[in-house]
file target-v3.cif (mmCIF, C-alpha atoms and all ligand atoms)
data_data
#
loop_
_atom_site.label_atom_id
_atom_site.label_comp_id
_atom_site.auth_asym_id
_atom_site.auth_seq_id
_atom_site.Cartn_x
_atom_site.Cartn_y
_atom_site.Cartn_z
CA MET A 1 55.95 121.72 -21.54
CA LEU A 2 57.05 119.64 -18.59
CA ILE A 3 60.59 119.77 -17.21
CA VAL A 4 61.60 116.61 -15.36
CA MET A 5 64.48 117.05 -12.88
CA THR A 6 66.95 114.29 -11.96
CA HIS A 7 66.19 112.47 -8.69
CA ASP A 8 69.13 114.17 -6.97
CA ALA A 9 68.48 117.70 -8.26
CA THR A 10 69.13 120.26 -5.53
CA ASP A 11 66.73 123.00 -4.44
CA ALA A 12 69.13 125.53 -5.98
CA GLN A 13 68.99 123.73 -9.34
CA ILE A 14 65.20 123.64 -9.22
CA ASP A 15 65.15 127.36 -8.37
CA ALA A 16 67.49 128.07 -11.31
CA VAL A 17 65.16 126.24 -13.71
CA GLU A 18 62.15 128.14 -12.38
CA GLU A 19 64.06 131.39 -12.81
CA ALA A 20 64.97 130.50 -16.42
CA VAL A 21 61.32 129.74 -17.18
CA ARG A 22 60.29 133.13 -15.74
CA ALA A 23 63.01 134.81 -17.80
CA MET A 24 61.30 133.36 -20.90
CA GLY A 25 58.11 135.16 -19.89
CA LEU A 26 56.45 131.90 -18.76
CA ARG A 27 55.13 130.56 -15.45
CA PRO A 28 56.82 127.63 -13.68
CA GLU A 29 54.57 125.32 -11.69
CA PRO A 30 56.63 122.88 -9.55
CA ILE A 31 55.08 119.42 -9.21
CA PRO A 32 57.04 117.67 -6.40
CA GLY A 33 57.05 113.86 -6.65
CA SER A 34 58.25 111.09 -4.35
CA LEU A 35 61.16 110.29 -6.68
CA ARG A 36 61.83 113.55 -8.46
CA THR A 37 60.47 117.01 -9.06
CA ALA A 38 58.83 118.05 -12.31
CA ILE A 39 58.15 121.64 -13.32
CA GLY A 40 55.15 122.42 -15.48
CA VAL A 41 55.45 125.41 -17.79
CA LEU A 42 52.37 127.54 -18.33
CA GLY A 43 51.51 130.61 -20.33
CA ASN A 44 53.05 129.75 -23.70
CA GLN A 45 51.04 130.65 -26.82
CA GLY A 46 53.03 128.42 -29.14
CA TYR A 47 55.93 126.05 -29.24
CA VAL A 48 58.64 126.84 -26.64
CA ASP A 49 62.29 126.57 -27.64
CA ASP A 50 63.73 124.43 -24.83
CA THR A 51 67.46 124.74 -25.64
CA THR A 52 68.40 126.87 -22.62
CA ILE A 53 66.34 124.77 -20.23
CA ARG A 54 67.80 121.47 -21.42
CA GLU A 55 71.32 122.72 -20.70
CA LEU A 56 70.65 123.59 -17.05
CA GLU A 57 72.10 121.45 -14.25
CA GLY A 58 69.72 118.88 -12.81
CA VAL A 59 67.41 118.73 -15.84
CA ARG A 60 66.72 115.13 -16.88
CA GLU A 61 64.33 115.69 -19.77
CA VAL A 62 61.95 118.17 -21.30
CA ILE A 63 58.60 116.85 -22.47
CA HIS A 64 56.53 118.91 -24.86
CA VAL A 65 53.01 118.36 -23.70
CA SER A 66 51.75 120.95 -26.11
CA LYS A 67 52.34 120.27 -29.81
CA PRO A 68 54.48 122.51 -32.04
CA TYR A 69 51.30 123.66 -33.73
CA LYS A 70 49.24 124.72 -30.77
CA LEU A 71 47.44 127.71 -32.35
CA VAL A 72 46.30 125.71 -35.36
CA SER A 73 45.23 122.71 -33.30
CA ARG A 74 41.66 121.72 -32.53
CA ASP A 75 42.53 121.51 -28.82
CA PHE A 76 43.16 125.22 -28.84
CA HIS A 77 40.26 126.18 -31.10
CA PRO A 78 37.53 123.54 -31.35
CA GLU A 79 35.32 125.45 -33.82
CA PRO A 80 36.27 125.20 -37.51
CA THR A 81 37.76 128.35 -39.00
CA VAL A 82 35.95 129.87 -41.97
CA VAL A 83 38.18 131.92 -44.29
CA ASP A 84 36.52 134.71 -46.25
CA VAL A 85 38.20 135.38 -49.60
CA ALA A 86 36.48 138.49 -50.95
CA GLY A 87 33.10 137.07 -50.02
CA VAL A 88 33.83 133.42 -50.88
CA MET A 89 33.64 131.39 -47.67
CA ILE A 90 35.99 128.44 -47.22
CA GLY A 91 35.63 125.83 -44.47
CA GLY A 92 33.27 125.19 -41.59
CA GLY A 93 30.71 123.30 -43.65
CA HIS A 94 30.32 125.90 -46.40
CA ARG A 95 29.85 124.43 -49.86
CA PRO A 96 33.36 123.41 -51.01
CA VAL A 97 35.01 125.95 -53.29
CA VAL A 98 36.56 125.40 -56.68
CA MET A 99 39.63 127.48 -57.49
CA ALA A 100 40.55 127.15 -61.14
CA GLY A 101 42.73 128.70 -63.79
CA PRO A 102 45.99 128.22 -65.59
CA CYS A 103 49.26 127.29 -63.97
CA SER A 104 50.83 130.51 -65.27
CA ILE A 105 49.57 133.80 -66.58
CA GLU A 106 50.85 133.87 -70.16
CA SER A 107 49.02 136.63 -72.01
CA GLU A 108 45.96 138.85 -71.87
CA GLU A 109 44.06 136.60 -74.31
CA GLN A 110 44.91 133.41 -72.43
CA MET A 111 43.93 134.88 -69.07
CA HIS A 112 40.66 136.34 -70.35
CA ALA A 113 39.70 133.09 -72.04
CA ALA A 114 40.53 131.12 -68.88
CA ALA A 115 38.61 133.52 -66.62
CA THR A 116 35.54 133.38 -68.86
CA GLN A 117 35.62 129.59 -69.02
CA VAL A 118 36.05 128.98 -65.29
CA LYS A 119 33.43 131.57 -64.36
CA LYS A 120 30.90 130.20 -66.82
CA ALA A 121 31.44 126.70 -65.48
CA GLY A 122 30.84 127.89 -61.91
CA ALA A 123 34.28 128.09 -60.25
CA SER A 124 34.44 130.72 -57.54
CA ILE A 125 38.12 131.75 -57.38
CA LEU A 126 40.51 132.35 -60.28
CA ARG A 127 44.09 131.10 -60.01
CA GLY A 128 47.18 131.89 -62.07
CA GLY A 129 50.85 132.31 -61.27
CA ALA A 130 52.88 135.40 -62.11
CA PHE A 131 55.92 134.39 -60.06
CA LYS A 132 56.64 130.75 -60.87
CA PRO A 133 58.89 128.47 -58.80
CA ARG A 134 60.23 126.37 -61.69
CA THR A 135 62.54 123.43 -61.14
CA GLY A 136 65.01 124.64 -63.76
CA PRO A 137 66.12 128.16 -64.65
CA HIS A 138 65.50 127.69 -68.38
CA SER A 139 61.75 127.13 -67.93
CA PHE A 140 59.24 129.98 -68.16
CA GLN A 141 59.54 131.94 -64.93
CA GLY A 142 56.27 133.89 -65.12
CA LEU A 143 55.37 137.41 -66.23
CA GLY A 144 55.89 139.01 -62.82
CA VAL A 145 54.02 142.25 -62.06
CA GLU A 146 52.78 142.45 -65.66
CA GLY A 147 51.16 139.06 -65.12
CA LEU A 148 49.52 140.21 -61.88
CA LYS A 149 47.87 143.06 -63.78
CA LEU A 150 46.56 140.68 -66.45
CA LEU A 151 45.23 138.34 -63.79
CA ARG A 152 43.43 141.17 -62.00
CA GLN A 153 41.90 142.53 -65.21
CA ALA A 154 40.65 139.12 -66.27
CA ALA A 155 39.26 138.42 -62.78
CA ASP A 156 37.54 141.80 -62.54
CA ALA A 157 35.91 141.30 -65.93
CA GLU A 158 34.31 138.12 -64.51
CA SER A 159 33.89 139.35 -60.90
CA LEU A 160 36.11 136.60 -59.52
CA PRO A 161 38.52 136.82 -56.57
CA VAL A 162 42.08 135.73 -57.33
CA VAL A 163 44.69 133.59 -55.66
CA THR A 164 48.29 133.86 -56.81
CA GLU A 165 51.67 132.76 -55.53
CA VAL A 166 54.19 134.91 -53.74
CA MET A 167 57.73 133.53 -53.50
CA ARG A 168 59.66 136.31 -51.81
CA ILE A 169 59.11 138.99 -49.18
CA ASP A 170 60.01 141.74 -51.66
CA GLN A 171 57.13 140.63 -53.94
CA LEU A 172 54.55 141.05 -51.20
CA ASP A 173 53.60 144.68 -51.90
CA ASP A 174 52.91 143.94 -55.55
CA VAL A 175 51.11 140.67 -54.98
CA CYS A 176 48.92 142.17 -52.23
CA ARG A 177 47.94 145.01 -54.56
CA TYR A 178 46.47 142.60 -57.12
CA ALA A 179 45.48 139.46 -55.20
CA ASP A 180 42.63 138.52 -52.87
CA MET A 181 44.50 135.50 -51.51
CA LEU A 182 48.22 134.82 -51.29
CA GLN A 183 49.48 131.39 -52.22
CA ILE A 184 52.59 130.05 -50.53
CA GLY A 185 53.72 127.18 -52.73
CA ALA A 186 55.01 123.77 -51.79
CA ARG A 187 58.62 124.84 -52.28
CA ASN A 188 58.23 127.74 -49.88
CA MET A 189 56.20 126.01 -47.18
CA GLN A 190 59.24 126.21 -44.94
CA ASN A 191 60.43 129.64 -46.03
CA PHE A 192 60.07 130.81 -42.47
CA ASP A 193 60.93 134.46 -43.13
CA LEU A 194 58.22 134.61 -45.80
CA LEU A 195 55.74 132.90 -43.45
CA LYS A 196 56.51 135.44 -40.72
CA GLU A 197 55.95 138.40 -43.04
CA VAL A 198 52.74 136.97 -44.51
CA GLY A 199 51.66 136.28 -40.94
CA LYS A 200 51.72 140.01 -40.27
CA LEU A 201 49.23 140.73 -43.07
CA ASP A 202 45.47 140.80 -43.01
CA MET A 203 45.18 138.67 -46.17
CA PRO A 204 43.86 135.15 -46.69
CA VAL A 205 46.64 132.65 -47.34
CA LEU A 206 46.64 129.35 -49.23
CA LEU A 207 49.48 127.34 -47.73
CA LYS A 208 50.46 124.35 -49.85
CA ARG A 209 52.05 121.29 -48.30
CA GLY A 210 55.75 120.92 -48.99
CA MET A 211 56.45 117.93 -51.20
CA SER A 212 58.32 116.16 -48.42
CA ALA A 213 56.63 117.71 -45.42
CA THR A 214 55.12 115.59 -42.69
CA ILE A 215 51.72 116.63 -41.37
CA GLU A 216 53.42 117.95 -38.24
CA GLU A 217 55.74 120.12 -40.37
CA PHE A 218 52.78 121.28 -42.47
CA LEU A 219 50.86 122.36 -39.39
CA ALA A 220 53.96 123.90 -37.83
CA ALA A 221 54.38 126.01 -40.99
CA ALA A 222 50.77 127.20 -40.65
CA GLU A 223 51.51 127.93 -37.00
CA TYR A 224 54.05 130.56 -38.15
CA LEU A 225 51.23 132.46 -39.86
CA LEU A 226 48.90 132.27 -36.87
CA ALA A 227 51.68 133.07 -34.41
CA GLU A 228 52.18 136.40 -36.21
CA GLY A 229 48.46 137.12 -36.06
CA ASN A 230 47.14 135.96 -39.43
CA GLY A 231 44.48 133.32 -38.84
CA ARG A 232 43.04 133.48 -42.36
CA VAL A 233 44.78 130.31 -43.48
CA VAL A 234 43.59 127.57 -45.84
CA LEU A 235 45.78 124.49 -46.15
CA CYS A 236 46.28 122.67 -49.45
CA GLU A 237 47.32 119.06 -49.99
CA ARG A 238 49.07 118.86 -53.38
CA GLY A 239 50.74 115.47 -53.24
CA ILE A 240 53.99 114.37 -51.71
CA ARG A 241 57.17 112.86 -53.11
CA THR A 242 57.30 109.08 -52.81
CA PHE A 243 59.07 106.27 -54.67
CA GLU A 244 56.20 106.15 -57.18
CA LYS A 245 57.01 107.70 -60.54
CA ALA A 246 53.81 106.94 -62.48
CA THR A 247 52.20 110.05 -61.03
CA ARG A 248 53.93 113.40 -60.53
CA ASN A 249 53.41 113.15 -56.77
CA THR A 250 51.42 110.84 -54.52
CA LEU A 251 48.14 112.35 -53.45
CA ASP A 252 47.88 111.83 -49.70
CA LEU A 253 44.12 112.05 -49.30
CA SER A 254 44.13 110.77 -45.75
CA VAL A 255 45.42 114.16 -44.63
CA VAL A 256 42.00 115.65 -45.33
CA PRO A 257 40.09 113.87 -42.56
CA LEU A 258 43.23 113.82 -40.42
CA ILE A 259 43.77 117.58 -40.65
CA HIS A 260 40.10 118.05 -39.84
CA GLU A 261 40.68 116.03 -36.66
CA MET A 262 43.89 117.81 -35.73
CA SER A 263 43.21 121.37 -36.83
CA HIS A 264 40.40 123.89 -37.16
CA LEU A 265 41.83 125.23 -40.44
CA PRO A 266 40.12 124.43 -43.75
CA ILE A 267 41.96 122.14 -46.15
CA ILE A 268 41.57 121.94 -49.92
CA VAL A 269 43.16 119.54 -52.42
CA ASP A 270 45.07 120.24 -55.63
CA PRO A 271 44.71 117.08 -57.75
CA SER A 272 46.49 118.72 -60.71
CA HIS A 273 49.94 118.99 -59.11
CA ALA A 274 49.30 115.84 -57.08
CA THR A 275 48.80 113.59 -60.12
CA GLY A 276 50.39 115.53 -62.99
CA LYS A 277 47.90 113.83 -65.33
CA ARG A 278 44.78 115.46 -66.74
CA SER A 279 42.94 112.12 -66.94
CA LEU A 280 43.22 111.63 -63.18
CA VAL A 281 42.11 115.11 -62.14
CA PRO A 282 38.30 114.63 -62.30
CA VAL A 283 38.20 111.40 -60.30
CA MET A 284 40.72 112.58 -57.72
CA SER A 285 38.81 115.85 -57.36
CA ARG A 286 35.71 113.85 -56.54
CA ALA A 287 37.69 111.63 -54.18
CA ALA A 288 39.02 114.71 -52.38
CA LEU A 289 35.55 116.16 -51.92
CA THR A 290 34.24 112.80 -50.76
CA ALA A 291 37.02 112.74 -48.17
CA GLY A 292 35.65 116.03 -46.87
CA ALA A 293 37.94 118.60 -48.52
CA ASP A 294 36.77 122.20 -48.14
CA GLY A 295 37.54 122.77 -51.80
CA ILE A 296 39.74 121.89 -54.73
CA MET A 297 42.22 123.78 -56.86
CA VAL A 298 42.47 122.67 -60.47
CA GLU A 299 44.55 123.87 -63.38
CA VAL A 300 42.48 124.85 -66.41
CA HIS A 301 43.95 126.22 -69.63
CA PRO A 302 42.15 127.40 -72.79
CA ASP A 303 44.62 125.39 -74.87
CA PRO A 304 46.66 122.99 -72.70
CA GLU A 305 48.78 121.79 -75.64
CA LYS A 306 50.23 125.29 -75.90
CA ALA A 307 50.58 125.94 -72.15
CA LEU A 308 53.95 127.31 -71.07
CA CYS A 309 53.70 125.34 -67.85
CA ASP A 310 51.90 122.18 -66.66
CA GLY A 311 49.83 121.60 -69.80
CA ALA A 312 49.73 117.83 -69.23
CA GLN A 313 47.82 118.23 -65.99
CA SER A 314 45.58 121.11 -67.11
CA LEU A 315 41.95 120.53 -68.02
CA PRO A 316 40.95 122.13 -71.31
CA GLY A 317 38.74 125.15 -70.65
CA LYS A 318 36.17 124.04 -73.21
CA ASN A 319 35.44 120.85 -71.22
CA PHE A 320 35.51 122.48 -67.82
CA SER A 321 31.73 122.84 -67.58
CA GLU A 322 31.35 119.05 -67.74
CA PHE A 323 33.85 118.68 -64.93
CA MET A 324 31.95 121.20 -62.84
CA THR A 325 28.60 119.55 -63.50
CA ASP A 326 29.97 116.29 -62.08
CA ILE A 327 31.39 118.15 -59.08
CA ASP A 328 28.06 119.85 -58.41
CA THR A 329 26.18 116.56 -58.67
CA LEU A 330 28.57 115.01 -56.17
CA LEU A 331 28.35 117.96 -53.77
CA ASP A 332 24.55 117.87 -53.86
CA PHE A 333 24.67 114.14 -53.18
CA LEU A 334 27.13 114.54 -50.29
CA ARG A 335 25.07 117.27 -48.72
CA ASN A 336 21.88 115.17 -48.65
C1 LIG B 1 51.08 126.10 -58.31
O1 LIG B 1 50.01 125.92 -57.71
O2 LIG B 1 51.19 126.85 -59.28
C2 LIG B 1 52.29 125.40 -57.86
C3 LIG B 1 53.50 125.75 -58.28
O3 LIG B 1 52.03 124.40 -57.02
P1 LIG B 1 52.99 123.68 -55.92
O4 LIG B 1 53.58 124.79 -55.10
O5 LIG B 1 52.02 122.83 -55.17
O6 LIG B 1 53.99 122.90 -56.71
MN MN B 2 51.27 124.32 -62.09
#

call {"tool": "encode", "arguments": {"input": "target-v3.cif", "output": "structure tokens"}}
result
Amino acid sequence: MLIVMTHDATDAQIDAVEEAVRAMGLRPEPIPGSLRTAIGVLGNQGYVDDTTIRELEGVREVIHVSKPYKLVSRDFHPEPTVVDVAGVMIGGGHRPVVMAGPCSIESEEQMHAAATQVKKAGASILRGGAFKPRTGPHSFQGLGVEGLKLLRQAADAESLPVVTEVMRIDQLDDVCRYADMLQIGARNMQNFDLLKEVGKLDMPVLLKRGMSATIEEFLAAAEYLLAEGNGRVVLCERGIRTFEKATRNTLDLSVVPLIHEMSHLPIIVDPSHATGKRSLVPVMSRAALTAGADGIMVEVHPDPEKALCDGAQSLPGKNFSEFMTDIDTLLDFLRN
């Protein structure tokens, strides 16, 4: 951060600014100029709230040299981060992961069938929601803790790690007991209290992009997790809201290479929620991996017609092996 003083700022005003910077636990570094004095601010680990500084007499402007997402940025950490989810490595050039499973956990039979199908096809992480953020209150809201137990049982039977969504701080104990990775959904990307609490945990996190979040907001949300000490973060592009109605969201694939330029965190793509259409999921999965995604998350249901949530975008479990064969062929091709 750089504080630029007005040309007629007095020595007392400059001293007061330096004192305010010190009071924030930071180090002021005056840079006298022929026209005006600037004060560099050093020692900050993240974004600095400049409200008090801006209000001081003699301050002309405050320039944020560092970005609001310093800890997640490549400048701060040039090496790519690899996130270990119960032995499955994500990012840093590891073979891209496939997370697959139903939108929601519905029953023991459904979850077991889904787990068997995704494991057999070669996916490495099982997904399924027990706490569902539904647009309307009359839609299926998820099985809650009962669902978490079913998810865990099905995953253990197939030796798969699980990722599942947590919506509220008071669900964290339960979700951490049954999950290997916590998902923070698009609707909660800016639930800052939840981010702060999850940031205090030693658990991998899948942070999905908010449906109207800019890349800067997405990275700033991830910064909350890192600022609290949790660096085990995987980002997920899941489509954004645009004027287009033919797809559920608009898949913003350019974020994949862009995030790789801007941040050391891995990024995966969810083509199911991004498109809302089963027919588009295979090709957009391949597009995501071609763009360099560190993985994909796809919804797979044993019987999509009967799904309680997101059936139209779910791949039928019985065809999932074909999908995975195409993915494997592509990944082998991309690697060579
Ligand atoms: C989900 O993955 O189950 C989900 C609700 O996705 P999103 O938060 O991206 O809408
Ligand atoms: Mn879904």

call {"tool": "residues_near_ligand", "arguments": {"input": "target-v3.cif", "ligand": "ligand LIG 1 (chain B)", "cutoff": "8 Å", "atoms": "all atoms listed in the file", "output": "JSON, numbers by chain"}}
result
{"A": [103, 104, 128, 129, 132, 133, 134, 164, 165, 183, 184, 185, 186, 187, 188, 208, 209, 210, 211, 237, 238, 239, 270, 273, 274]}

call {"tool": "atom_distance", "arguments": {"input": "target-v3.cif", "atom1": "atom CA of A:Thr52", "atom2": "atom CA of A:Thr6"}}
result
16.6 Å

call {"tool": "closest_residue", "arguments": {"input": "target-v3.cif", "among": "A:Leu330, A:Leu201, A:Val48, A:Val300", "to": "A:Gln117", "atoms": "only C-alpha atoms"}}
result
A:Val300

call {"tool": "residues_around", "arguments": {"input": "target-v3.cif", "residues": "A:Val62", "least_positions_apart": "3", "cutoff": "12 Å", "atoms": "only C-alpha atoms", "output": "mmCIF file with C-alpha atoms, in the coordinates of the input"}}
result
data_model
loop_
_atom_site.group_PDB
_atom_site.id
_atom_site.type_symbol
_atom_site.label_atom_id
_atom_site.label_comp_id
_atom_site.auth_asym_id
_atom_site.auth_seq_id
_atom_site.Cartn_x
_atom_site.Cartn_y
_atom_site.Cartn_z
ATOM 1 C CA MET A 1 55.950 121.720 -21.540
ATOM 2 C CA LEU A 2 57.050 119.640 -18.590
ATOM 3 C CA ILE A 3 60.590 119.770 -17.210
ATOM 4 C CA VAL A 4 61.600 116.610 -15.360
ATOM 5 C CA MET A 5 64.480 117.050 -12.880
ATOM 6 C CA THR A 6 66.950 114.290 -11.960
ATOM 7 C CA VAL A 17 65.160 126.240 -13.710
ATOM 8 C CA ALA A 38 58.830 118.050 -12.310
ATOM 9 C CA ILE A 39 58.150 121.640 -13.320
ATOM 10 C CA GLY A 40 55.150 122.420 -15.480
ATOM 11 C CA VAL A 41 55.450 125.410 -17.790
ATOM 12 C CA VAL A 48 58.640 126.840 -26.640
ATOM 13 C CA ASP A 49 62.290 126.570 -27.640
ATOM 14 C CA ASP A 50 63.730 124.430 -24.830
ATOM 15 C CA THR A 51 67.460 124.740 -25.640
ATOM 16 C CA THR A 52 68.400 126.870 -22.620
ATOM 17 C CA ILE A 53 66.340 124.770 -20.230
ATOM 18 C CA ARG A 54 67.800 121.470 -21.420
ATOM 19 C CA GLU A 55 71.320 122.720 -20.700
ATOM 20 C CA LEU A 56 70.650 123.590 -17.050
ATOM 21 C CA GLY A 58 69.720 118.880 -12.810
ATOM 22 C CA VAL A 59 67.410 118.730 -15.840
ATOM 23 C CA VAL A 65 53.010 118.360 -23.700
ATOM 24 C CA SER A 66 51.750 120.950 -26.110
#

call {"tool": "closest_residue", "arguments": {"input": "target-v3.cif", "among": "A:Val145, A:Arg335, A:Ala293, A:Met284", "to": "A:Phe323", "atoms": "all atoms listed in the file"}}
result
A:Met284

call {"tool": "residues_near_point", "arguments": {"input": "target-v3.cif", "point": "(35.6, 129.7, -53.6)", "cutoff": "10 Å", "atoms": "all atoms listed in the file", "output": "tab-separated table (two decimals) with C-alpha atoms, keeping the file's coordinate frame"}}
result
chain	number	residue	atom	x	y	z
A	83	VAL	CA	38.18	131.92	-44.29
A	84	ASP	CA	36.52	134.71	-46.25
A	85	VAL	CA	38.20	135.38	-49.60
A	86	ALA	CA	36.48	138.49	-50.95
A	87	GLY	CA	33.10	137.07	-50.02
A	88	VAL	CA	33.83	133.42	-50.88
A	89	MET	CA	33.64	131.39	-47.67
A	90	ILE	CA	35.99	128.44	-47.22
A	91	GLY	CA	35.63	125.83	-44.47
A	94	HIS	CA	30.32	125.90	-46.40
A	95	ARG	CA	29.85	124.43	-49.86
A	96	PRO	CA	33.36	123.41	-51.01
A	97	VAL	CA	35.01	125.95	-53.29
A	98	VAL	CA	36.56	125.40	-56.68
A	99	MET	CA	39.63	127.48	-57.49
A	100	ALA	CA	40.55	127.15	-61.14
A	122	GLY	CA	30.84	127.89	-61.91
A	123	ALA	CA	34.28	128.09	-60.25
A	124	SER	CA	34.44	130.72	-57.54
A	125	ILE	CA	38.12	131.75	-57.38
A	126	LEU	CA	40.51	132.35	-60.28
A	160	LEU	CA	36.11	136.60	-59.52
A	161	PRO	CA	38.52	136.82	-56.57
A	162	VAL	CA	42.08	135.73	-57.33
A	294	ASP	CA	36.77	122.20	-48.14
A	295	GLY	CA	37.54	122.77	-51.80
A	296	ILE	CA	39.74	121.89	-54.73
A	297	MET	CA	42.22	123.78	-56.86

call {"tool": "atom_distance", "arguments": {"input": "target-v3.cif", "atom1": "atom CA of A:Glu146", "atom2": "atom CA of A:Leu182"}}
result
16.9 Å

call {"tool": "build_atoms", "arguments": {"input": "target-v3.cif", "residues": "stretch 221-233 of chain A", "atoms": "N, CA, C and O atoms", "output": "CSV table (one decimal), in the coordinates of the input"}}
result
chain,number,residue,atom,x,y,z
A,221,ALA,N,54.2,124.9,-40.1
A,221,ALA,CA,54.4,126.0,-41.0
A,221,ALA,C,53.2,127.0,-40.9
A,221,ALA,O,53.3,128.2,-40.8
A,222,ALA,N,52.0,126.4,-40.8
A,222,ALA,CA,50.8,127.2,-40.6
A,222,ALA,C,50.8,127.9,-39.3
A,222,ALA,O,50.4,129.1,-39.2
A,223,GLU,N,51.4,127.3,-38.3
A,223,GLU,CA,51.5,127.9,-37.0
A,223,GLU,C,52.3,129.2,-37.1
A,223,GLU,O,52.0,130.2,-36.4
A,224,TYR,N,53.3,129.3,-38.0
A,224,TYR,CA,54.0,130.6,-38.2
A,224,TYR,C,53.1,131.7,-38.5
A,224,TYR,O,53.3,132.8,-38.1
A,225,LEU,N,52.2,131.4,-39.4
A,225,LEU,CA,51.2,132.5,-39.9
A,225,LEU,C,50.3,132.9,-38.7
A,225,LEU,O,50.2,134.1,-38.4
A,226,LEU,N,49.8,131.9,-38.0
A,226,LEU,CA,48.9,132.3,-36.9
A,226,LEU,C,49.7,132.9,-35.7
A,226,LEU,O,49.1,133.8,-35.1
A,227,ALA,N,50.9,132.5,-35.5
A,227,ALA,CA,51.7,133.1,-34.4
A,227,ALA,C,51.9,134.6,-34.6
A,227,ALA,O,52.1,135.3,-33.7
A,228,GLU,N,52.0,135.0,-35.9
A,228,GLU,CA,52.2,136.4,-36.2
A,228,GLU,C,50.9,137.2,-36.3
A,228,GLU,O,50.8,138.3,-36.5
A,229,GLY,N,49.8,136.4,-36.1
A,229,GLY,CA,48.5,137.1,-36.1
A,229,GLY,C,47.5,136.9,-37.2
A,229,GLY,O,46.4,137.3,-37.2
A,230,ASN,N,48.0,136.2,-38.3
A,230,ASN,CA,47.1,136.0,-39.4
A,230,ASN,C,46.5,134.6,-39.3
A,230,ASN,O,47.1,133.5,-39.6
A,231,GLY,N,45.2,134.6,-39.0
A,231,GLY,CA,44.5,133.3,-38.8
A,231,GLY,C,43.7,132.9,-40.1
A,231,GLY,O,43.0,131.9,-40.1
A,232,ARG,N,43.8,133.7,-41.2
A,232,ARG,CA,43.0,133.5,-42.4
A,232,ARG,C,43.8,132.5,-43.3
A,232,ARG,O,44.2,132.8,-44.4
A,233,VAL,N,43.9,131.3,-42.8
A,233,VAL,CA,44.8,130.3,-43.5
A,233,VAL,C,44.0,129.1,-44.0
A,233,VAL,O,43.2,128.5,-43.2
